[in-house]
Amino acid sequence: MDRTHAGFHHVQAWMGYFFVAPATFLILVIYAVPIVLVLLVSFTDYTLVSDYFEFVGLENYARMFSDAQFARALVNTLIYAAIFLPASFCLSLVIAIALQERKQFKSILEVLYFLPVTSTLTAMALVWSAMMDSRQGIINNLLQSIGAGPFNFLGSEQLVLVSLAIISIWSIVGFNMVLFLAGLSAIPKGLYEAATMDGADHPLDRFLKVTWPMLGPTAMFVAVTSSITAFKLFDPVALLTRGGPNGASEVFLYLAFLEGFEYFNLGYSAALSLFFLIVIFIFALFQAFFVERKVHY
Amino acid sequence: MARLTLKNVEKSFGSTHVLRDVSLDVEDGEFVSLVGHSGCGKSTLLRIIARLETPDAGDILIGGRAVNALAPKHRNIAMVFQDYALYPHMTVAENMSMPLVMARLPMRARLPLIRFLAPAHHKRMPEIKAHVRRVAAQLQIEHLLDRRPAQLSGGQRQRVALGRALVRDPQVFLMDEPLSNLDAKLRVQVRKEISELHASSGLTFVYVTHDQVEAMTMSDRVALMRNGRILQFAPPNRLYADPDSIDVAQFIGSPEINTLRGLPHADGIAVGEAVWPIRAAGHKSGALRVGIRPEAISVSGVPGLSSIGEKANGLQARLEVRLIEDLGPEVLLHGRLDFCPEEDVRVRAQKGSAYGHDDTLRTAAWLEVSIDPERLLLFDEQGRRLAMAGVVRQRVKEEA
């Protein structure tokens, strides 16, 4: 009796491992092993075109911090983020608040704003490049009709990051808006009524005293995920500008791609990728510790 | 000073008529409860006083001044919400100072960061803080000032909500079911505290509740509402003893009043097989509803046992006991009266009184009861109250 009982527990314990095995296997194969491999490769001078390689220690990392191209890619990424982040954040917040208070056509507008999220950015980037064309583009035609331009959106060193930011903003605003809408609808109506009774009936007061603080966790989440998105910029660059003109749109992830698959320096590319991973990881940590703890209710 | 008057207030939401021609006159310093089942319009009425809703028609006067067009902050009204509606991201002190900050600081002194540049911020904030501290001391929540609402118990949150309402020194104090989120024990305590607050502040209170006990215990007057109308507006005791209609009689009093069908008879009123020597004043024809409070029926003895003590002087009947609920000091009997076996009645009886021991009561299928004719309430078919002409008493007087 006792023996079968113990045996049952024994079997049950092994059953548990059996059940988590598939998920564990997938996580190992998809995430853990590749990361370890990248880490290992980053300590070598492995290239796609030579038959042998050797360990070079931290040489790839040393090169990274003395590489002018790396510095420029980093600066380009930061400039891009400085345009992309505030604009996408504020725009989606404003749209969400405006939509929240609408009674008519609310869901239709929500769908319209969300549509870009559902489309393929690669395909849409091509459409944008057609629209942004310096001669035939519809945007320049419109601008010229009001007496401005023409601008070489994707071909000018000063404008290219702005143009890329516009494309990305267009593609992400709908997503952020949905997050903000969810956050807004979670604010109890009673708080606004209490604010009204307390004399905070000016829209600015209502925003500052109720909406904004109550939206804090959502706003943090949007800011962090958008930061990660900003750092991840790749598709439009690879497709439309290939880092040009003259390296003006060479952003971080594109540089990693360039080193790995154009110059075949896989070792250096792995070091760059690992740096990218660390940056994302910091954002994720920030998210996990700061955002989750800041929830005070 | 702060008399609150509502004149012919109407309100509809779409096709639902929520308030129909509601008029109410609340004296300065009076505690008035709006009571009724959910959906009767009591909360809407309160929200109209606060101007969280605008009435479709009618006037609202505070201190004799029409305030229809005034925003809530200019009406000098405070409101305590059912779920307290405290700002979760602010400390208790910040929550409580909110009405003062809004009233005493200009916009630029309220903006984040910029406010530190505004002279008003530095001038006013210390006095606001001192004021908040005084009110907190009065409510005995001074030690909670630095906490956030999430760190407080239900009763403490309740007090913070009261404090936030009090700091602004309002003329009228509105409360929307403020006790419904508290447990039963705390409710009794806070009920007492609110009564004391009313007594010490001398403010005009309007209190919304669905709980008749709250309404009866705290109020100077109670407005009983149903279907968007005020059925009766009277002091609690009059509402209980002298209801205008059967709806009022049924709402007030727990357990609910018994109502039996009656018909006019040559010798009085026929209820079931019995004829009671009572008459409704001014009533000519048509059926009647006879209301008997559960405590107007008293148990006088157990059949078979010689009854102990004096036989109660009233209408005699027998009660078939079907269910006994022991409430501690008293019992609630559910059963049927012998002369009227179709209708269930409830009887509230004191324990251990003349009719015998608890055990006797428990096993007895029949009890002798007497009904006090002076405590009967008569209503016509439409539920309107009818005055009683007591035939019995008149005869007794004639003989004497």
# chains A, B, ... in the order shown; residues from 1 in each chain; ligands from 1
>>> residues_around(residues="Ala256 of chain A", least_positions_apart="3", cutoff="7 Å", atoms="only C-alpha atoms", output="PyMOL selection string")
chain A and resi 252-253+259-260+269+272-273
>>> select_by_dssp(residues="segment 231-260 of chain B", states="strand (DSSP E)", output="number ranges by chain")
B: 231-234, 258-260
>>> write_last_selection(atoms="C-alpha atoms", output="PDB file, in the first residue's frame")
ATOM      1  CA  LEU B 231     -43.385  58.608  -2.202  1.00  0.00           C
ATOM      2  CA  GLN B 232     -43.128  60.205   1.206  1.00  0.00           C
ATOM      3  CA  PHE B 233     -40.822  62.702   2.843  1.00  0.00           C
ATOM      4  CA  ALA B 234     -41.100  62.555   6.605  1.00  0.00           C
ATOM      5  CA  ASN B 258     -48.151  41.704   6.553  1.00  0.00           C
ATOM      6  CA  THR B 259     -50.913  42.737   4.201  1.00  0.00           C
ATOM      7  CA  LEU B 260     -54.227  40.936   4.195  1.00  0.00           C
TER       8      LEU B 260
END
>>> select_by_dssp(residues="segment 105-297 of chain A", states="alpha helix (DSSP H)", output="VMD selection string")
chain A and resid 106 to 118 121 to 131 138 to 145 160 to 185 189 to 197 203 to 206 212 to 214 216 to 231 235 to 236 252 to 261 266 to 286 292 to 293
>>> interface_residues(of="chain B", to="chain A", cutoff="10 Å", atoms="only C-alpha atoms", output="ChimeraX atom specification")
/B:47,50-52,71-90,95-103,107,110-112,148-151,161,164-165,168
>>> atom_distance(atom1="atom CA of Glu330 of chain B", atom2="atom CA of Gln350 of chain B")
4.5 Å
>>> atom_distance(atom1="atom CA of Tyr254 of chain A", atom2="atom CA of Leu164 of chain A")
13.3 Å
>>> closest_residue(among="B:Ala109, B:Val347, B:Val271, B:Leu239", to="Glu256 of chain B", atoms="only C-alpha atoms")
B:Val347
>>> residues_around(residues="Leu386 of chain B", least_positions_apart="5", cutoff="8 Å", atoms="only C-alpha atoms", output="list in words")
Ala280, Ala281, Gly282, His283, Leu377, Leu378, Phe379 and Asp380 of chain B
>>> residues_around(residues="Ala82 of chain A", least_positions_apart="4", cutoff="10 Å", atoms="only C-alpha atoms", output="list in words")
Asn76, Thr77, Leu78, Pro86, Ala87, Val162, Ala165, Ser227 and Ala230 of chain A
>>> write_last_selection(atoms="all heavy atoms", output="short mmCIF file (atom, residue, chain, number, x, y, z; two decimals), in the first residue's frame")
data_model
loop_
_atom_site.label_atom_id
_atom_site.label_comp_id
_atom_site.auth_asym_id
_atom_site.auth_seq_id
_atom_site.Cartn_x
_atom_site.Cartn_y
_atom_site.Cartn_z
N ASN A 76 23.64 57.68 -35.05
CA ASN A 76 22.48 57.69 -35.95
C ASN A 76 21.25 57.07 -35.27
O ASN A 76 20.14 57.60 -35.36
CB ASN A 76 22.78 56.90 -37.23
CG ASN A 76 23.60 57.72 -38.20
OD1 ASN A 76 23.68 58.94 -38.07
ND2 ASN A 76 24.23 57.06 -39.16
N THR A 77 21.48 55.96 -34.58
CA THR A 77 20.37 55.30 -33.90
C THR A 77 19.77 56.21 -32.84
O THR A 77 18.54 56.29 -32.70
CB THR A 77 20.85 53.99 -33.24
OG1 THR A 77 21.51 53.21 -34.24
CG2 THR A 77 19.69 53.20 -32.67
N LEU A 78 20.65 56.91 -32.11
CA LEU A 78 20.16 57.78 -31.05
C LEU A 78 19.38 58.97 -31.62
O LEU A 78 18.34 59.35 -31.09
CB LEU A 78 21.32 58.26 -30.17
CG LEU A 78 21.95 57.15 -29.31
CD1 LEU A 78 23.14 57.70 -28.52
CD2 LEU A 78 20.91 56.54 -28.38
N PRO A 86 9.64 60.47 -28.91
CA PRO A 86 8.65 61.44 -28.44
C PRO A 86 7.47 61.57 -29.39
O PRO A 86 6.33 61.66 -28.95
CB PRO A 86 9.43 62.75 -28.35
CG PRO A 86 10.82 62.46 -28.70
CD PRO A 86 10.93 61.05 -29.17
N ALA A 87 7.77 61.55 -30.70
CA ALA A 87 6.69 61.75 -31.66
C ALA A 87 5.69 60.60 -31.60
O ALA A 87 4.48 60.82 -31.54
CB ALA A 87 7.26 61.90 -33.07
N VAL A 162 14.96 61.52 -40.43
CA VAL A 162 13.61 62.02 -40.17
C VAL A 162 12.60 61.22 -40.99
O VAL A 162 11.56 60.80 -40.48
CB VAL A 162 13.52 63.52 -40.53
CG1 VAL A 162 12.11 64.04 -40.29
CG2 VAL A 162 14.53 64.32 -39.71
N ALA A 165 12.09 57.88 -39.59
CA ALA A 165 11.32 57.98 -38.36
C ALA A 165 9.83 58.13 -38.68
O ALA A 165 8.98 57.53 -38.04
CB ALA A 165 11.80 59.16 -37.52
N SER A 227 11.19 52.14 -27.24
CA SER A 227 12.65 52.27 -27.26
C SER A 227 13.27 51.05 -27.91
O SER A 227 14.21 51.16 -28.70
CB SER A 227 13.18 52.41 -25.83
OG SER A 227 12.55 53.47 -25.19
N ALA A 230 12.78 51.25 -31.51
CA ALA A 230 13.68 52.23 -32.11
C ALA A 230 15.06 51.62 -32.33
O ALA A 230 15.69 51.83 -33.37
CB ALA A 230 13.79 53.47 -31.22
#
>>> residues_around(residues="Val222 of chain B", least_positions_apart="4", cutoff="7 Å", atoms="only C-alpha atoms", output="count of residues only")
8
>>> residues_around(residues="Gly262 of chain B", least_positions_apart="3", cutoff="8 Å", atoms="only C-alpha atoms", output="count of residues only")
8
>>> residues_around(residues="Ala137 of chain B", least_positions_apart="4", cutoff="12 Å", atoms="only C-alpha atoms", output="mmCIF file with N, CA and C atoms, in the first residue's frame")
data_model
loop_
_atom_site.group_PDB
_atom_site.id
_atom_site.type_symbol
_atom_site.label_atom_id
_atom_site.label_comp_id
_atom_site.auth_asym_id
_atom_site.auth_seq_id
_atom_site.Cartn_x
_atom_site.Cartn_y
_atom_site.Cartn_z
ATOM 1 N N ALA B 93 -2.590 62.949 2.432
ATOM 2 C CA ALA B 93 -2.520 64.411 2.551
ATOM 3 C C ALA B 93 -2.808 65.081 1.204
ATOM 4 N N ALA B 130 -1.516 72.949 6.646
ATOM 5 C CA ALA B 130 -1.948 73.100 8.041
ATOM 6 C C ALA B 130 -3.438 72.790 8.167
ATOM 7 N N HIS B 131 -4.199 73.273 7.223
ATOM 8 C CA HIS B 131 -5.650 73.039 7.238
ATOM 9 C C HIS B 131 -5.950 71.540 7.151
ATOM 10 N N VAL B 132 -5.270 70.883 6.198
ATOM 11 C CA VAL B 132 -5.472 69.443 6.018
ATOM 12 C C VAL B 132 -5.137 68.698 7.301
ATOM 13 N N ARG B 133 -4.053 69.135 7.946
ATOM 14 C CA ARG B 133 -3.628 68.479 9.189
ATOM 15 C C ARG B 133 -4.693 68.635 10.272
ATOM 16 N N ILE B 141 -7.067 60.740 11.668
ATOM 17 C CA ILE B 141 -6.304 60.025 10.637
ATOM 18 C C ILE B 141 -4.976 60.735 10.395
ATOM 19 N N GLU B 142 -4.534 61.493 11.386
ATOM 20 C CA GLU B 142 -3.298 62.262 11.231
ATOM 21 C C GLU B 142 -2.107 61.352 10.921
ATOM 22 N N HIS B 143 -2.086 60.176 11.540
ATOM 23 C CA HIS B 143 -0.956 59.264 11.359
ATOM 24 C C HIS B 143 -0.962 58.615 9.976
ATOM 25 N N LEU B 144 -2.022 58.816 9.206
ATOM 26 C CA LEU B 144 -2.106 58.173 7.893
ATOM 27 C C LEU B 144 -1.750 59.124 6.759
ATOM 28 N N LEU B 145 -1.432 60.370 7.089
ATOM 29 C CA LEU B 145 -1.321 61.402 6.061
ATOM 30 C C LEU B 145 -0.328 61.072 4.953
ATOM 31 N N ARG B 159 -12.724 57.357 5.926
ATOM 32 C CA ARG B 159 -12.464 58.587 6.674
ATOM 33 C C ARG B 159 -11.684 59.591 5.844
ATOM 34 N N VAL B 160 -10.766 59.089 5.014
ATOM 35 C CA VAL B 160 -10.030 60.001 4.139
ATOM 36 C C VAL B 160 -11.006 60.673 3.174
ATOM 37 N N GLY B 163 -12.681 63.252 4.947
ATOM 38 C CA GLY B 163 -11.768 64.364 5.163
ATOM 39 C C GLY B 163 -11.636 65.236 3.930
ATOM 40 N N VAL B 167 -12.518 69.302 4.107
ATOM 41 C CA VAL B 167 -11.521 70.381 4.108
ATOM 42 C C VAL B 167 -12.029 71.634 3.427
#
>>> closest_residue(among="A:Thr241, A:Thr211, A:Ser66, A:Ser226", to="Ile97 of chain A", atoms="only C-alpha atoms")
A:Thr211
>>> atom_distance(atom1="atom CA of Leu61 of chain B", atom2="atom CA of Asp21 of chain B")
15.4 Å
